[in-house]
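Coordinates as given in my_file-v1.txt (compact mmCIF, N, CA and C atoms):
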# COMPACT_ATOMS: atom_id res chain seq x y z
N MET A 1145 -120.36 87.23 46.94
CA MET A 1145 -119.61 86.80 45.76
C MET A 1145 -119.92 87.72 44.59
N LYS A 1146 -118.88 88.11 43.91
CA LYS A 1146 -119.04 89.02 42.79
C LYS A 1146 -119.71 88.34 41.60
N ASN A 1147 -119.29 87.14 41.26
CA ASN A 1147 -119.86 86.45 40.12
C ASN A 1147 -119.74 84.94 40.34
N LYS A 1148 -120.86 84.35 40.71
CA LYS A 1148 -120.88 82.93 41.04
C LYS A 1148 -120.46 82.04 39.86
N ALA A 1149 -120.87 82.39 38.66
CA ALA A 1149 -120.53 81.58 37.49
C ALA A 1149 -119.02 81.57 37.25
N ILE A 1150 -118.39 82.71 37.40
CA ILE A 1150 -116.94 82.80 37.22
C ILE A 1150 -116.22 82.02 38.32
N ILE A 1151 -116.68 82.14 39.54
CA ILE A 1151 -116.08 81.40 40.65
C ILE A 1151 -116.20 79.89 40.41
N THR A 1152 -117.34 79.46 39.93
CA THR A 1152 -117.55 78.03 39.65
C THR A 1152 -116.57 77.54 38.58
N LEU A 1153 -116.36 78.33 37.54
CA LEU A 1153 -115.38 77.98 36.51
C LEU A 1153 -113.96 77.93 37.07
N LEU A 1154 -113.64 78.90 37.92
CA LEU A 1154 -112.31 78.92 38.53
C LEU A 1154 -112.10 77.72 39.45
N GLN A 1155 -113.14 77.34 40.19
CA GLN A 1155 -113.04 76.18 41.07
C GLN A 1155 -112.83 74.90 40.26
N ALA A 1156 -113.49 74.79 39.13
CA ALA A 1156 -113.29 73.62 38.26
C ALA A 1156 -111.87 73.59 37.71
N ALA A 1157 -111.35 74.75 37.31
CA ALA A 1157 -109.98 74.82 36.80
C ALA A 1157 -108.99 74.47 37.92
N TYR A 1158 -109.25 74.96 39.11
CA TYR A 1158 -108.40 74.65 40.27
C TYR A 1158 -108.36 73.15 40.53
N ALA A 1159 -109.53 72.50 40.53
CA ALA A 1159 -109.60 71.05 40.74
C ALA A 1159 -108.81 70.30 39.66
N ALA A 1160 -108.96 70.73 38.41
CA ALA A 1160 -108.25 70.07 37.31
C ALA A 1160 -106.74 70.25 37.44
N GLU A 1161 -106.30 71.43 37.84
CA GLU A 1161 -104.86 71.66 38.01
C GLU A 1161 -104.30 70.74 39.10
N LEU A 1162 -105.02 70.60 40.20
CA LEU A 1162 -104.54 69.73 41.27
C LEU A 1162 -104.55 68.26 40.86
N GLU A 1163 -105.55 67.86 40.09
CA GLU A 1163 -105.58 66.49 39.58
C GLU A 1163 -104.40 66.26 38.64
N THR A 1164 -104.10 67.24 37.83
CA THR A 1164 -102.97 67.15 36.92
C THR A 1164 -101.66 67.02 37.69
N VAL A 1165 -101.51 67.79 38.76
CA VAL A 1165 -100.32 67.69 39.60
C VAL A 1165 -100.15 66.25 40.10
N ALA A 1166 -101.20 65.67 40.62
CA ALA A 1166 -101.13 64.30 41.15
C ALA A 1166 -100.75 63.30 40.07
N ASN A 1167 -101.36 63.43 38.90
CA ASN A 1167 -101.08 62.49 37.81
C ASN A 1167 -99.71 62.69 37.19
N TYR A 1168 -99.27 63.93 37.03
CA TYR A 1168 -97.93 64.17 36.50
C TYR A 1168 -96.88 63.65 37.48
N LEU A 1169 -97.10 63.87 38.76
CA LEU A 1169 -96.17 63.37 39.77
C LEU A 1169 -96.08 61.85 39.71
N ALA A 1170 -97.23 61.19 39.69
CA ALA A 1170 -97.25 59.73 39.64
C ALA A 1170 -96.54 59.21 38.39
N ASN A 1171 -96.84 59.79 37.25
CA ASN A 1171 -96.21 59.34 36.00
C ASN A 1171 -94.72 59.66 35.95
N SER A 1172 -94.31 60.78 36.55
CA SER A 1172 -92.89 61.14 36.52
C SER A 1172 -92.05 60.17 37.35
N VAL A 1173 -92.67 59.51 38.29
CA VAL A 1173 -91.98 58.52 39.11
C VAL A 1173 -92.12 57.12 38.50
N TRP A 1174 -93.28 56.83 37.91
CA TRP A 1174 -93.62 55.49 37.44
C TRP A 1174 -92.92 55.07 36.16
N LEU A 1175 -92.74 56.00 35.23
CA LEU A 1175 -92.20 55.63 33.93
C LEU A 1175 -90.78 55.06 34.02
N ASP A 1176 -90.50 54.08 33.18
CA ASP A 1176 -89.20 53.43 33.12
C ASP A 1176 -88.66 53.44 31.69
N GLY A 1177 -87.38 53.27 31.61
CA GLY A 1177 -86.73 53.13 30.31
C GLY A 1177 -85.92 54.35 29.94
N LEU A 1178 -84.91 54.11 29.14
CA LEU A 1178 -84.02 55.18 28.70
C LEU A 1178 -84.78 56.27 27.96
N ARG A 1179 -85.71 55.88 27.13
CA ARG A 1179 -86.46 56.86 26.34
C ARG A 1179 -87.45 57.64 27.19
N ALA A 1180 -87.68 57.19 28.42
CA ALA A 1180 -88.64 57.85 29.31
C ALA A 1180 -88.04 59.04 30.04
N GLU A 1181 -86.74 59.12 30.11
CA GLU A 1181 -86.09 60.14 30.96
C GLU A 1181 -86.52 61.57 30.62
N GLU A 1182 -86.54 61.91 29.35
CA GLU A 1182 -86.90 63.28 28.97
C GLU A 1182 -88.35 63.58 29.32
N VAL A 1183 -89.24 62.62 29.12
CA VAL A 1183 -90.65 62.80 29.47
C VAL A 1183 -90.79 62.95 30.98
N LYS A 1184 -90.10 62.10 31.74
CA LYS A 1184 -90.15 62.17 33.20
C LYS A 1184 -89.67 63.53 33.71
N GLU A 1185 -88.58 64.02 33.16
CA GLU A 1185 -88.05 65.32 33.57
C GLU A 1185 -89.04 66.43 33.26
N SER A 1186 -89.67 66.38 32.09
CA SER A 1186 -90.66 67.39 31.73
C SER A 1186 -91.87 67.34 32.65
N LEU A 1187 -92.33 66.13 32.96
CA LEU A 1187 -93.46 65.99 33.89
C LEU A 1187 -93.10 66.56 35.26
N ASP A 1188 -91.89 66.29 35.70
CA ASP A 1188 -91.41 66.81 36.99
C ASP A 1188 -91.48 68.34 37.01
N GLU A 1189 -91.03 68.97 35.94
CA GLU A 1189 -91.08 70.43 35.83
C GLU A 1189 -92.52 70.93 35.77
N GLU A 1190 -93.37 70.19 35.06
CA GLU A 1190 -94.77 70.58 34.91
C GLU A 1190 -95.50 70.53 36.25
N VAL A 1191 -95.12 69.62 37.14
CA VAL A 1191 -95.75 69.53 38.46
C VAL A 1191 -95.67 70.90 39.15
N VAL A 1192 -94.50 71.51 39.11
CA VAL A 1192 -94.29 72.79 39.76
C VAL A 1192 -95.14 73.88 39.09
N GLU A 1193 -95.16 73.88 37.76
CA GLU A 1193 -95.94 74.90 37.04
C GLU A 1193 -97.44 74.74 37.29
N GLU A 1194 -97.93 73.51 37.23
CA GLU A 1194 -99.36 73.28 37.42
C GLU A 1194 -99.77 73.61 38.86
N LEU A 1195 -98.91 73.32 39.83
CA LEU A 1195 -99.20 73.69 41.21
C LEU A 1195 -99.26 75.21 41.34
N GLY A 1196 -98.37 75.89 40.64
CA GLY A 1196 -98.40 77.36 40.62
C GLY A 1196 -99.71 77.89 40.04
N HIS A 1197 -100.21 77.22 39.01
CA HIS A 1197 -101.51 77.61 38.44
C HIS A 1197 -102.60 77.47 39.50
N ALA A 1198 -102.59 76.34 40.21
CA ALA A 1198 -103.61 76.10 41.23
C ALA A 1198 -103.54 77.18 42.32
N GLN A 1199 -102.34 77.57 42.70
CA GLN A 1199 -102.19 78.60 43.72
C GLN A 1199 -102.77 79.93 43.24
N LYS A 1200 -102.50 80.29 42.00
CA LYS A 1200 -103.05 81.54 41.45
C LYS A 1200 -104.57 81.49 41.39
N LEU A 1201 -105.10 80.34 40.98
CA LEU A 1201 -106.56 80.20 40.91
C LEU A 1201 -107.18 80.29 42.30
N ALA A 1202 -106.56 79.64 43.28
CA ALA A 1202 -107.09 79.68 44.65
C ALA A 1202 -107.13 81.11 45.18
N ARG A 1203 -106.06 81.87 44.93
CA ARG A 1203 -106.05 83.27 45.38
C ARG A 1203 -107.15 84.08 44.71
N ARG A 1204 -107.35 83.85 43.42
CA ARG A 1204 -108.38 84.62 42.70
C ARG A 1204 -109.78 84.23 43.18
N ILE A 1205 -109.99 82.94 43.42
CA ILE A 1205 -111.29 82.50 43.95
C ILE A 1205 -111.59 83.23 45.26
N LYS A 1206 -110.60 83.29 46.15
CA LYS A 1206 -110.79 83.97 47.43
C LYS A 1206 -111.06 85.46 47.21
N GLN A 1207 -110.31 86.10 46.31
CA GLN A 1207 -110.50 87.52 46.04
C GLN A 1207 -111.92 87.82 45.57
N LEU A 1208 -112.51 86.86 44.87
CA LEU A 1208 -113.87 87.05 44.35
C LEU A 1208 -114.95 86.67 45.37
N GLY A 1209 -114.52 86.23 46.56
CA GLY A 1209 -115.47 85.90 47.61
C GLY A 1209 -115.84 84.43 47.65
N GLY A 1210 -115.17 83.62 46.88
CA GLY A 1210 -115.43 82.18 46.88
C GLY A 1210 -114.46 81.44 47.79
N ARG A 1211 -114.67 80.16 47.91
CA ARG A 1211 -113.82 79.30 48.74
C ARG A 1211 -113.13 78.28 47.85
N PRO A 1212 -111.80 78.23 47.89
CA PRO A 1212 -111.12 77.18 47.13
C PRO A 1212 -111.56 75.81 47.66
N PRO A 1213 -111.88 74.89 46.78
CA PRO A 1213 -112.35 73.57 47.23
C PRO A 1213 -111.25 72.80 47.97
N GLY A 1214 -111.66 72.08 49.00
CA GLY A 1214 -110.77 71.15 49.69
C GLY A 1214 -110.77 69.83 48.96
N SER A 1215 -109.96 68.91 49.42
CA SER A 1215 -109.78 67.64 48.72
C SER A 1215 -111.08 66.85 48.57
N LEU A 1216 -111.98 66.94 49.52
CA LEU A 1216 -113.23 66.18 49.42
C LEU A 1216 -114.20 66.76 48.40
N ASP A 1217 -113.95 67.98 47.97
CA ASP A 1217 -114.81 68.63 46.98
C ASP A 1217 -114.25 68.58 45.57
N LEU A 1218 -113.09 67.95 45.40
CA LEU A 1218 -112.44 67.96 44.09
C LEU A 1218 -112.94 66.82 43.21
N LYS A 1219 -113.48 67.19 42.08
CA LYS A 1219 -113.95 66.22 41.09
C LYS A 1219 -112.75 65.68 40.33
N ARG A 1220 -112.74 64.38 40.09
CA ARG A 1220 -111.64 63.73 39.37
C ARG A 1220 -112.15 63.16 38.05
N THR A 1221 -111.45 63.48 36.95
CA THR A 1221 -111.93 63.06 35.63
C THR A 1221 -110.84 62.57 34.68
N GLN A 1222 -109.58 62.65 35.06
CA GLN A 1222 -108.48 62.37 34.13
C GLN A 1222 -108.17 60.87 34.03
N LYS A 1223 -109.08 60.12 33.48
CA LYS A 1223 -108.88 58.67 33.34
C LYS A 1223 -107.69 58.35 32.44
N SER A 1224 -107.52 59.11 31.38
CA SER A 1224 -106.43 58.80 30.43
C SER A 1224 -105.04 59.14 30.96
N LEU A 1225 -104.98 59.84 32.08
CA LEU A 1225 -103.68 60.25 32.62
C LEU A 1225 -103.24 59.39 33.80
N GLN A 1226 -103.99 58.34 34.09
CA GLN A 1226 -103.59 57.43 35.16
C GLN A 1226 -102.31 56.70 34.74
N PRO A 1227 -101.41 56.43 35.68
CA PRO A 1227 -100.20 55.69 35.30
C PRO A 1227 -100.57 54.35 34.66
N PRO A 1228 -99.96 54.03 33.53
CA PRO A 1228 -100.30 52.79 32.83
C PRO A 1228 -99.78 51.56 33.58
N GLU A 1229 -100.37 50.42 33.30
CA GLU A 1229 -99.89 49.17 33.90
C GLU A 1229 -98.44 48.92 33.52
N ASP A 1230 -98.11 49.18 32.26
CA ASP A 1230 -96.76 48.99 31.74
C ASP A 1230 -95.98 50.29 31.93
N SER A 1231 -94.99 50.27 32.78
CA SER A 1231 -94.24 51.50 33.10
C SER A 1231 -93.40 52.02 31.93
N THR A 1232 -93.36 51.28 30.82
CA THR A 1232 -92.63 51.76 29.64
C THR A 1232 -93.58 52.29 28.56
N ASP A 1233 -94.86 52.40 28.87
CA ASP A 1233 -95.86 52.84 27.89
C ASP A 1233 -95.89 54.37 27.80
N LEU A 1234 -94.84 54.92 27.19
CA LEU A 1234 -94.74 56.37 27.03
C LEU A 1234 -95.85 56.94 26.17
N ARG A 1235 -96.21 56.22 25.14
CA ARG A 1235 -97.24 56.70 24.22
C ARG A 1235 -98.53 57.03 24.97
N ARG A 1236 -98.93 56.14 25.86
CA ARG A 1236 -100.17 56.35 26.63
C ARG A 1236 -100.06 57.57 27.54
N VAL A 1237 -98.93 57.71 28.21
CA VAL A 1237 -98.75 58.86 29.11
C VAL A 1237 -98.75 60.16 28.31
N ILE A 1238 -98.03 60.20 27.21
CA ILE A 1238 -97.98 61.40 26.39
C ILE A 1238 -99.37 61.76 25.88
N ALA A 1239 -100.14 60.78 25.43
CA ALA A 1239 -101.51 61.03 24.96
C ALA A 1239 -102.36 61.57 26.11
N GLY A 1240 -102.20 61.03 27.31
CA GLY A 1240 -102.95 61.51 28.47
C GLY A 1240 -102.60 62.94 28.82
N VAL A 1241 -101.32 63.28 28.74
CA VAL A 1241 -100.90 64.66 29.02
C VAL A 1241 -101.51 65.61 28.00
N ILE A 1242 -101.46 65.24 26.73
CA ILE A 1242 -102.04 66.11 25.70
C ILE A 1242 -103.53 66.29 25.92
N GLU A 1243 -104.23 65.22 26.27
CA GLU A 1243 -105.66 65.33 26.55
C GLU A 1243 -105.93 66.26 27.73
N ALA A 1244 -105.13 66.13 28.79
CA ALA A 1244 -105.30 67.00 29.96
C ALA A 1244 -105.02 68.46 29.62
N GLU A 1245 -103.97 68.69 28.84
CA GLU A 1245 -103.63 70.06 28.47
C GLU A 1245 -104.70 70.67 27.55
N GLU A 1246 -105.24 69.86 26.64
CA GLU A 1246 -106.32 70.35 25.78
C GLU A 1246 -107.56 70.68 26.60
N GLY A 1247 -107.82 69.89 27.63
CA GLY A 1247 -108.93 70.19 28.53
C GLY A 1247 -108.72 71.50 29.27
N ALA A 1248 -107.49 71.73 29.73
CA ALA A 1248 -107.17 72.98 30.42
C ALA A 1248 -107.32 74.17 29.47
N ILE A 1249 -106.86 73.99 28.24
CA ILE A 1249 -106.99 75.05 27.23
C ILE A 1249 -108.46 75.41 27.03
N ALA A 1250 -109.30 74.42 26.89
CA ALA A 1250 -110.74 74.66 26.71
C ALA A 1250 -111.34 75.36 27.92
N THR A 1251 -110.92 74.95 29.11
CA THR A 1251 -111.44 75.57 30.34
C THR A 1251 -111.04 77.04 30.42
N TYR A 1252 -109.79 77.33 30.13
CA TYR A 1252 -109.35 78.73 30.21
C TYR A 1252 -110.01 79.59 29.14
N LYS A 1253 -110.30 79.02 27.99
CA LYS A 1253 -111.05 79.77 26.97
C LYS A 1253 -112.46 80.08 27.45
N LYS A 1254 -113.09 79.14 28.16
CA LYS A 1254 -114.43 79.39 28.73
C LYS A 1254 -114.37 80.52 29.75
N ILE A 1255 -113.33 80.49 30.59
CA ILE A 1255 -113.19 81.55 31.61
C ILE A 1255 -112.98 82.89 30.95
N ILE A 1256 -112.14 82.94 29.93
CA ILE A 1256 -111.88 84.19 29.21
C ILE A 1256 -113.18 84.75 28.65
N LYS A 1257 -113.97 83.89 28.04
CA LYS A 1257 -115.25 84.33 27.45
C LYS A 1257 -116.22 84.79 28.53
N ALA A 1258 -116.30 84.05 29.64
CA ALA A 1258 -117.23 84.42 30.72
C ALA A 1258 -116.85 85.75 31.36
N CYS A 1259 -115.57 86.08 31.34
CA CYS A 1259 -115.09 87.30 31.99
C CYS A 1259 -115.12 88.53 31.09
N ASP A 1260 -115.33 88.32 29.80
CA ASP A 1260 -115.25 89.42 28.85
C ASP A 1260 -116.22 90.55 29.21
N GLY A 1261 -115.66 91.72 29.46
CA GLY A 1261 -116.45 92.89 29.80
C GLY A 1261 -116.98 92.89 31.22
N VAL A 1262 -116.64 91.85 32.01
CA VAL A 1262 -117.18 91.70 33.36
C VAL A 1262 -116.08 91.71 34.41
N ASP A 1263 -115.01 90.97 34.16
CA ASP A 1263 -113.95 90.78 35.15
C ASP A 1263 -112.61 90.67 34.42
N TYR A 1264 -111.98 91.82 34.23
CA TYR A 1264 -110.74 91.85 33.44
C TYR A 1264 -109.55 91.23 34.18
N VAL A 1265 -109.55 91.28 35.49
CA VAL A 1265 -108.44 90.71 36.26
C VAL A 1265 -108.43 89.19 36.10
N THR A 1266 -109.61 88.57 36.28
CA THR A 1266 -109.70 87.12 36.10
C THR A 1266 -109.44 86.75 34.65
N GLN A 1267 -109.93 87.56 33.74
CA GLN A 1267 -109.69 87.29 32.32
C GLN A 1267 -108.19 87.33 32.01
N ASP A 1268 -107.49 88.28 32.58
CA ASP A 1268 -106.04 88.38 32.36
C ASP A 1268 -105.32 87.15 32.93
N LEU A 1269 -105.74 86.70 34.09
CA LEU A 1269 -105.16 85.48 34.68
C LEU A 1269 -105.41 84.28 33.77
N ALA A 1270 -106.62 84.16 33.26
CA ALA A 1270 -106.96 83.04 32.38
C ALA A 1270 -106.15 83.08 31.09
N VAL A 1271 -105.90 84.27 30.57
CA VAL A 1271 -105.08 84.41 29.35
C VAL A 1271 -103.65 83.94 29.65
N GLU A 1272 -103.12 84.34 30.80
CA GLU A 1272 -101.77 83.93 31.20
C GLU A 1272 -101.68 82.40 31.33
N LEU A 1273 -102.66 81.80 31.99
CA LEU A 1273 -102.64 80.35 32.19
C LEU A 1273 -102.88 79.61 30.87
N LEU A 1274 -103.71 80.17 30.01
CA LEU A 1274 -103.95 79.59 28.69
C LEU A 1274 -102.63 79.51 27.91
N ALA A 1275 -101.85 80.57 27.95
CA ALA A 1275 -100.57 80.57 27.24
C ALA A 1275 -99.65 79.47 27.77
N ASP A 1276 -99.62 79.30 29.08
CA ASP A 1276 -98.80 78.24 29.67
C ASP A 1276 -99.27 76.86 29.21
N GLU A 1277 -100.58 76.64 29.23
CA GLU A 1277 -101.12 75.33 28.85
C GLU A 1277 -100.88 75.04 27.36
N GLU A 1278 -100.98 76.06 26.52
CA GLU A 1278 -100.69 75.86 25.10
C GLU A 1278 -99.22 75.47 24.91
N GLU A 1279 -98.33 76.08 25.68
CA GLU A 1279 -96.91 75.73 25.60
C GLU A 1279 -96.68 74.29 26.05
N HIS A 1280 -97.34 73.87 27.14
CA HIS A 1280 -97.20 72.49 27.63
C HIS A 1280 -97.71 71.50 26.57
N CYS A 1281 -98.83 71.81 25.98
CA CYS A 1281 -99.42 70.94 24.97
C CYS A 1281 -98.48 70.79 23.78
N CYS A 1282 -97.89 71.88 23.36
CA CYS A 1282 -96.95 71.87 22.23
C CYS A 1282 -95.73 71.01 22.56
N LEU A 1283 -95.22 71.11 23.78
CA LEU A 1283 -94.07 70.32 24.20
C LEU A 1283 -94.37 68.82 24.08
N PHE A 1284 -95.53 68.41 24.60
CA PHE A 1284 -95.84 66.98 24.58
C PHE A 1284 -96.29 66.50 23.20
N ALA A 1285 -96.83 67.40 22.39
CA ALA A 1285 -97.11 67.03 21.00
C ALA A 1285 -95.79 66.75 20.29
N GLY A 1286 -94.74 67.50 20.63
CA GLY A 1286 -93.41 67.23 20.08
C GLY A 1286 -92.88 65.89 20.53
N PHE A 1287 -93.12 65.51 21.79
CA PHE A 1287 -92.71 64.19 22.27
C PHE A 1287 -93.43 63.10 21.47
N ARG A 1288 -94.72 63.34 21.21
CA ARG A 1288 -95.49 62.34 20.46
C ARG A 1288 -94.92 62.17 19.06
N LYS A 1289 -94.57 63.25 18.41
CA LYS A 1289 -94.00 63.17 17.06
C LYS A 1289 -92.65 62.47 17.07
N SER A 1290 -91.81 62.82 18.04
CA SER A 1290 -90.45 62.26 18.07
C SER A 1290 -90.40 60.82 18.56
N ARG A 1291 -91.47 60.36 19.18
CA ARG A 1291 -91.50 59.01 19.75
C ARG A 1291 -92.41 58.10 18.96
N GLY A 1292 -92.79 58.50 17.78
CA GLY A 1292 -93.68 57.75 16.90
C GLY A 1292 -94.07 56.35 17.34
N LYS A 1293 -93.12 55.47 17.51
CA LYS A 1293 -93.44 54.07 17.82
C LYS A 1293 -93.13 53.71 19.27
N THR A 1294 -92.99 54.71 20.12
CA THR A 1294 -92.68 54.46 21.52
C THR A 1294 -93.88 53.88 22.23
Conversion result in structure tokens:
Amino acid sequence: MKNKAIITLLQAAYAAELETVANYLANSVWLDGLRAEEVKESLDEEVVEELGHAQKLARRIKQLGGRPPGSLDLKRTQKSLQPPEDSTDLRRVIAGVIEAEEGAIATYKKIIKACDGVDYVTQDLAVELLADEEEHCCLFAGFRKSRGKT
């Protein structure tokens, strides 16, 4: 392995991306109500993007000599992104998405810092994924503003 610390960070990001896929998928199906349609559609689109992130991370982990974690090795932490009891609780889902995206942003910033001067290829990947996560966060922050009392 070229750099165990970087691989460990990439594996954590990979696990988080896959957890996000599962939660976005569940919420995109679970939410109800006319006002939920736009959020559901966005979550549906995000599932594809987040899965793409996981695929890129898995390839990079392998390139660095690491092993992408299997399902039994994936840590789960997104409590706020679990589908709510009330399928019309858009506010809770939007807040959970923003929290998950902010977590991803923080993770990619850690990877960028860890790679500085050491691994420019992984750093470039982390910068690309960071930009995507910032865009996702901005989208859902807009939903939060426009849905004030939702």
Please identify every residue of range 1188-1273 of chain A that has at least one atom no farther than 9 Å from an atom of range 1168-1179 of chain A, counting only C-alpha atoms, and for each give the shortest atom pair and the distance in Å to one decimal, arranged by chain then increasing number, as a tab-separated table.
residue	atom	partner	partner_atom	distance
A:Asp1188	CA	A:Ser1172	CA	5.9
A:Glu1190	CA	A:Tyr1168	CA	7.3
A:Val1191	CA	A:Tyr1168	CA	6.1
A:Leu1225	CA	A:Tyr1168	CA	8.0
A:Gln1226	CA	A:Asn1171	CA	7.7
A:Pro1227	CA	A:Asn1171	CA	5.5
A:Pro1228	CA	A:Asn1171	CA	8.3
A:Asp1230	CA	A:Leu1175	CA	8.3
A:Ser1231	CA	A:Leu1175	CA	4.7
A:Thr1232	CA	A:Asp1176	CA	5.2
A:Asp1233	CA	A:Leu1175	CA	7.6
A:Leu1234	CA	A:Leu1175	CA	7.4
A:Val1237	CA	A:Asn1171	CA	7.4
A:Val1241	CA	A:Tyr1168	CA	8.1
### Query
In terms of the shortest atom-to-atom distance over all atoms listed in the file, which of A:Cys1281, A:Lys1254, A:Tyr1158, A:Ser1290 is closest to Ile1242 in chain A?
A:Cys1281
### Which of range 1192-1257 of chain A fall in helix (DSSP H, G or I), as a ChimeraX atom specification
/A:1192-1207,1215-1217,1223-1225,1234-1257
Keeping only N, CA and C atoms, take the residues you just selected and write them out as a short mmCIF file (atom, residue, chain, number, x, y, z; two decimals), in the coordinates of the input.
data_model
loop_
_atom_site.label_atom_id
_atom_site.label_comp_id
_atom_site.auth_asym_id
_atom_site.auth_seq_id
_atom_site.Cartn_x
_atom_site.Cartn_y
_atom_site.Cartn_z
N VAL A 1192 -94.50 71.51 39.11
CA VAL A 1192 -94.29 72.79 39.76
C VAL A 1192 -95.14 73.88 39.09
N GLU A 1193 -95.16 73.88 37.76
CA GLU A 1193 -95.94 74.90 37.04
C GLU A 1193 -97.44 74.74 37.29
N GLU A 1194 -97.93 73.51 37.23
CA GLU A 1194 -99.36 73.28 37.42
C GLU A 1194 -99.77 73.61 38.86
N LEU A 1195 -98.91 73.32 39.83
CA LEU A 1195 -99.20 73.69 41.21
C LEU A 1195 -99.26 75.21 41.34
N GLY A 1196 -98.37 75.89 40.64
CA GLY A 1196 -98.40 77.36 40.62
C GLY A 1196 -99.71 77.89 40.04
N HIS A 1197 -100.21 77.22 39.01
CA HIS A 1197 -101.51 77.61 38.44
C HIS A 1197 -102.60 77.47 39.50
N ALA A 1198 -102.59 76.34 40.21
CA ALA A 1198 -103.61 76.10 41.23
C ALA A 1198 -103.54 77.18 42.32
N GLN A 1199 -102.34 77.57 42.70
CA GLN A 1199 -102.19 78.60 43.72
C GLN A 1199 -102.77 79.93 43.24
N LYS A 1200 -102.50 80.29 42.00
CA LYS A 1200 -103.05 81.54 41.45
C LYS A 1200 -104.57 81.49 41.39
N LEU A 1201 -105.10 80.34 40.98
CA LEU A 1201 -106.56 80.20 40.91
C LEU A 1201 -107.18 80.29 42.30
N ALA A 1202 -106.56 79.64 43.28
CA ALA A 1202 -107.09 79.68 44.65
C ALA A 1202 -107.13 81.11 45.18
N ARG A 1203 -106.06 81.87 44.93
CA ARG A 1203 -106.05 83.27 45.38
C ARG A 1203 -107.15 84.08 44.71
N ARG A 1204 -107.35 83.85 43.42
CA ARG A 1204 -108.38 84.62 42.70
C ARG A 1204 -109.78 84.23 43.18
N ILE A 1205 -109.99 82.94 43.42
CA ILE A 1205 -111.29 82.50 43.95
C ILE A 1205 -111.59 83.23 45.26
N LYS A 1206 -110.60 83.29 46.15
CA LYS A 1206 -110.79 83.97 47.43
C LYS A 1206 -111.06 85.46 47.21
N GLN A 1207 -110.31 86.10 46.31
CA GLN A 1207 -110.50 87.52 46.04
C GLN A 1207 -111.92 87.82 45.57
N SER A 1215 -109.96 68.91 49.42
CA SER A 1215 -109.78 67.64 48.72
C SER A 1215 -111.08 66.85 48.57
N LEU A 1216 -111.98 66.94 49.52
CA LEU A 1216 -113.23 66.18 49.42
C LEU A 1216 -114.20 66.76 48.40
N ASP A 1217 -113.95 67.98 47.97
CA ASP A 1217 -114.81 68.63 46.98
C ASP A 1217 -114.25 68.58 45.57
N LYS A 1223 -109.08 60.12 33.48
CA LYS A 1223 -108.88 58.67 33.34
C LYS A 1223 -107.69 58.35 32.44
N SER A 1224 -107.52 59.11 31.38
CA SER A 1224 -106.43 58.80 30.43
C SER A 1224 -105.04 59.14 30.96
N LEU A 1225 -104.98 59.84 32.08
CA LEU A 1225 -103.68 60.25 32.62
C LEU A 1225 -103.24 59.39 33.80
N LEU A 1234 -94.84 54.92 27.19
CA LEU A 1234 -94.74 56.37 27.03
C LEU A 1234 -95.85 56.94 26.17
N ARG A 1235 -96.21 56.22 25.14
CA ARG A 1235 -97.24 56.70 24.22
C ARG A 1235 -98.53 57.03 24.97
N ARG A 1236 -98.93 56.14 25.86
CA ARG A 1236 -100.17 56.35 26.63
C ARG A 1236 -100.06 57.57 27.54
N VAL A 1237 -98.93 57.71 28.21
CA VAL A 1237 -98.75 58.86 29.11
C VAL A 1237 -98.75 60.16 28.31
N ILE A 1238 -98.03 60.20 27.21
CA ILE A 1238 -97.98 61.40 26.39
C ILE A 1238 -99.37 61.76 25.88
N ALA A 1239 -100.14 60.78 25.43
CA ALA A 1239 -101.51 61.03 24.96
C ALA A 1239 -102.36 61.57 26.11
N GLY A 1240 -102.20 61.03 27.31
CA GLY A 1240 -102.95 61.51 28.47
C GLY A 1240 -102.60 62.94 28.82
N VAL A 1241 -101.32 63.28 28.74
CA VAL A 1241 -100.90 64.66 29.02
C VAL A 1241 -101.51 65.61 28.00
N ILE A 1242 -101.46 65.24 26.73
CA ILE A 1242 -102.04 66.11 25.70
C ILE A 1242 -103.53 66.29 25.92
N GLU A 1243 -104.23 65.22 26.27
CA GLU A 1243 -105.66 65.33 26.55
C GLU A 1243 -105.93 66.26 27.73
N ALA A 1244 -105.13 66.13 28.79
CA ALA A 1244 -105.30 67.00 29.96
C ALA A 1244 -105.02 68.46 29.62
N GLU A 1245 -103.97 68.69 28.84
CA GLU A 1245 -103.63 70.06 28.47
C GLU A 1245 -104.70 70.67 27.55
N GLU A 1246 -105.24 69.86 26.64
CA GLU A 1246 -106.32 70.35 25.78
C GLU A 1246 -107.56 70.68 26.60
N GLY A 1247 -107.82 69.89 27.63
CA GLY A 1247 -108.93 70.19 28.53
C GLY A 1247 -108.72 71.50 29.27
N ALA A 1248 -107.49 71.73 29.73
CA ALA A 1248 -107.17 72.98 30.42
C ALA A 1248 -107.32 74.17 29.47
N ILE A 1249 -106.86 73.99 28.24
CA ILE A 1249 -106.99 75.05 27.23
C ILE A 1249 -108.46 75.41 27.03
N ALA A 1250 -109.30 74.42 26.89
CA ALA A 1250 -110.74 74.66 26.71
C ALA A 1250 -111.34 75.36 27.92
N THR A 1251 -110.92 74.95 29.11
CA THR A 1251 -111.44 75.57 30.34
C THR A 1251 -111.04 77.04 30.42
N TYR A 1252 -109.79 77.33 30.13
CA TYR A 1252 -109.35 78.73 30.21
C TYR A 1252 -110.01 79.59 29.14
N LYS A 1253 -110.30 79.02 27.99
CA LYS A 1253 -111.05 79.77 26.97
C LYS A 1253 -112.46 80.08 27.45
N LYS A 1254 -113.09 79.14 28.16
CA LYS A 1254 -114.43 79.39 28.73
C LYS A 1254 -114.37 80.52 29.75
N ILE A 1255 -113.33 80.49 30.59
CA ILE A 1255 -113.19 81.55 31.61
C ILE A 1255 -112.98 82.89 30.95
N ILE A 1256 -112.14 82.94 29.93
CA ILE A 1256 -111.88 84.19 29.21
C ILE A 1256 -113.18 84.75 28.65
N LYS A 1257 -113.97 83.89 28.04
CA LYS A 1257 -115.25 84.33 27.45
C LYS A 1257 -116.22 84.79 28.53
#
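Closest approach to His1280 in chain A among A:Thr1266, A:Gln1155, A:Gln1199, A:Ser1186: A:Ser1186, based on only C-alpha atoms.
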